[in-house]
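Undergrad: What follows is a single structure, and I will ask about it in a moment.
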Amino acid sequence: MSVFEGFRFRHVTSLIHRLDPRVKFLYVLAMFVVAIIFTEFLPLVVLFFLQIPFVIVAGVKREWLRSLRGAVFLVTMIFVFNFVFGYFYHTYPTGAALLEYSLAMALRFLVLVESFSVFFLTTSPDHLSLALEQSHVPYEFTFAFTTAVRFVPVLAEEAQTIMDAQKARGLELERGNFLKRVRNYIPILIPLIVSAIRRSLELAEAMESRAWGATKKRTNLYVLKMRLGDVVLIVLSIILIVVGVYVHYYVSIPPLSRFLPPLSF
Amino acid sequence: MIEVKDIYFTYPTGVEALKGVSLNIGDGEFVAVMGQNGAGKTTLVKHFNGLLKSAKGVVLVDGVCTRDVSVAKLARKVGFVFQNPDHQLFSETVEEEIAFALRNFGFDQATIEKRVTWALNLLDLTEYRKTSPFMLSGGERKRVALASVLAWDPSVVILDEPTIGQDHRQKENLRQFIVQLNGQGKTVVVVTHDVEFVAECNPRVVLMTAGKVVADGEAKKILTDTNLALTASIVPPQITQIFLGLKDLGLPSDVIDVSESKKILLDYLGAAKH
């Protein structure tokens with residue numbers, strides 16, 4: 001569950017926390033787009049370090065590091081798959097180029113995790129739903145979304161209890177070959193799904209008995225307003241995209257191998 | 001049977017659930033662990049089958065340190081029935097549900113059949129053998145959960161809040177059942193804050209507050225101690241409350257049993273008549 005920990009919002013405030021969630025989302029999108037257009041290693045390194053000031057200003061270093069640590073497994077998988085397939089299909093002329101490409105792909109994923117992690121760590125679910133609502137997303141969707149986010153920790157806790165209950169009945173999750181191990185999770189998943197469905201039905205009844213959806217037009221106590229910091233972040237995001245696109249089309253990025261001694265495979 | 005030596009436990013969230021608990025539970029004893037919510041009752045009993053391992057101190061089950069063996073191995077000796085049966089039911093039929101643990105423990109097919117039939121019979125579930133556990137009522141699901149643990153005949157049975165959500169009759173059946181299990185020589189540990197239930201069972205009571213054991217002894221002594229009740233925020237049984245109120249008449253105040261109280265009151269009234 002350590003990956004989820006790295007995305008769970010905690011109630012602290014900072015300059016970054018107070019930013020308009022819509023603007024923060026724009027920043028995440030900008031980061032996403034720029035990370036996707038590059039397949040070279042160097043620009044992705046730049047993108048990776050570009051975000052660290054945000055993390056420090058927001059004061060979420062520990063949680064952020066945890067989310068990165070949680071992503072290590074997937075990052076390794078991405079690297080290994082790219083390298084292995086690239087090697088067998090001869091997509092890249094030299095071993096060094098292939099290595100760089102695989103590293104870049106792994107790092108790209110890390111950059112994405114990094115930006116999403118900053119976003120979720122600094123945006124409360126309330127803020128998020130407010131942003132969705134004031135972007136004219138229908139309230140039903142907004143509500144479903146925030147409820148889903150809010151229930152993740154609840155479900156995680158429940159999963160732990162279920163695991164304990166089945167372990168107490170002699171279930172050994174780590175035993176057997178790969179298939180058997182996957183099958184070991186059936187006694188965990190079924191109660192989890194059943195109880196999630198039960199819980200959602202109960203929630204629906206409780207909501208209806210409190211007149212959910214009675215008024216079509218909702219008003220909000222808090223209204224999102226753009227401030228100076230938001231404008232700065234918008235400008236920064238636009239600069240990021242413009243620079244990213246410019247570099248991608250007009251600047252030739254030197255391969256990493258130029259700075260390293262030659263490798264042979 | 002279970003020896004707990006000065007254990008401490010802190011959850012990853014930083015909550016210190018146990019702060020130095022020591023306890024000995026003998027073979028065939030009947031123990032009720034009581035205390036308010038968050039006192040550490042469930043945390044403590046989760047150490048008995050190794051689900052939780054203490055940061056400091058040791059827990060020995062039959063002389064074996066719980067840190068050295070897997071939960072599955074300990075579970076063979078220590079059966080744990082969770083509070084909510086919905087956290088464990090997953091099979092298509094009640095029969096399969098009960099057989100699940102037996103398969104995990106590697107019993108052969110003939111023994112599994114025999115044990116399943118025995119457990120179904122024990123908890124009056126034979127008619128539901130082929131029913132989906134999800135189709136049963138709350139009380140029945142609870143009985144299936146109990147049967148699925150008793151099926152492998154563990155020598156210690158831990159029940160976490162067994163009385164929650166049970167109506168009066170089910171509770172009474174459960175009480176008789178637990179007393180009977182204990183009578184057959186099983187060690188029974190019940191986690192509960194149901195004072196009346198404990199008063200009727202009359203087990204040894206371990207009272208916990210804020211991660212520590214504050215009292216340990218006969219139910220009769222602990223449930224009638226008003227000072228203890230205050231610190232552990234439990235309310236004495238209703239019978240005891242009556243006798244506490246009648247203290248000025250010279251009646252004893254350490255009464256938790258209905259028939260005993262009846263006898264005392266009749267004696268008192270008889271003496272008053274003469």
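By order of appearance in the structure tokens: chains A, B, ..., then residues from 1 within every chain, and ligands from 1 in the order shown.
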Please list as number ranges by chain every residue within 12 Å of Leu74 in chain A, counting only C-alpha atoms and excluding residues in the same chain fewer than 4 positions away.

TA: A: 3, 67-70, 78-81, 105-110, 113

Undergrad: Go ahead and dump the residues you just picked, C-alpha atoms, as a CSV table (one decimal), in the first residue's frame.

TA:
chain,number,residue,atom,x,y,z
A,3,VAL,CA,2.2,3.6,-3.4
A,67,SER,CA,5.4,7.5,-3.6
A,68,LEU,CA,8.7,7.3,-5.6
A,69,ARG,CA,9.8,4.3,-3.6
A,70,GLY,CA,6.4,2.7,-4.3
A,78,ILE,CA,9.4,-0.6,-17.7
A,79,PHE,CA,13.2,-0.5,-17.9
A,80,VAL,CA,13.6,-4.3,-18.2
A,81,PHE,CA,10.8,-4.7,-20.8
A,105,MET,CA,11.3,5.4,-20.6
A,106,ALA,CA,11.7,4.4,-17.0
A,107,LEU,CA,12.5,8.0,-16.0
A,108,ARG,CA,9.5,9.3,-18.0
A,109,PHE,CA,7.2,7.1,-15.8
A,110,LEU,CA,8.9,8.4,-12.7
A,113,VAL,CA,4.4,9.7,-10.9

Undergrad: At a cut-off of 6 Å, which residues of chain B touch chain A? Count only C-alpha atoms and give the answer as a list in words.

TA: Ala72, Ala75, His87, Gln88, Phe90, Ala101 and Asn104 of chain B

Undergrad: Applying 7 Å and only C-alpha atoms, which residues near range 221-238 of chain B remain after dropping the ones on its own chain fewer than 6 positions away? List them as a list in words.

TA: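 Those residues are Gly35, Gln36, Val195, Glu196, Ala199, Met208, Thr209, Asp254 and Ile256 of chain B.
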
Undergrad: So which residues touch range 238-255 of chain A within 6 Å, counting only C-alpha atoms, skipping near sequence neighbours fewer than 2 positions away, as a ChimeraX atom specification?

TA: /A:30,34,235-236,257-258

Undergrad: Mind writing the picked residues with C-alpha atoms as an mmCIF file, in the first residue's frame?

TA:
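The file below, out_31.cif, is the result:
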data_model
loop_
_atom_site.group_PDB
_atom_site.id
_atom_site.type_symbol
_atom_site.label_atom_id
_atom_site.label_comp_id
_atom_site.auth_asym_id
_atom_site.auth_seq_id
_atom_site.Cartn_x
_atom_site.Cartn_y
_atom_site.Cartn_z
ATOM 1 C CA ALA A 30 1.845 20.462 -19.014
ATOM 2 C CA VAL A 34 6.240 17.522 -22.162
ATOM 3 C CA VAL A 235 2.631 31.281 -16.976
ATOM 4 C CA LEU A 236 5.223 28.730 -15.863
ATOM 5 C CA SER A 257 26.680 8.151 -24.837
ATOM 6 C CA ARG A 258 28.633 11.193 -25.946
#

Undergrad: Hey, what does DSSP flag as alpha helix (DSSP H) within range 185-223 of chain A? Can you give it to me as JSON, numbers by chain?

TA: {"A": [186, 187, 188, 189, 190, 191, 192, 193, 194, 195, 196, 197, 198, 199, 200, 201, 202, 203, 204, 205, 206, 207, 208]}

Undergrad: Here is a test: counting only C-alpha atoms, which residue of B:Val81, B:Lys73, B:Tyr128, B:Ala215 is nearest to Gly106 in chain B?

TA: B:Lys73
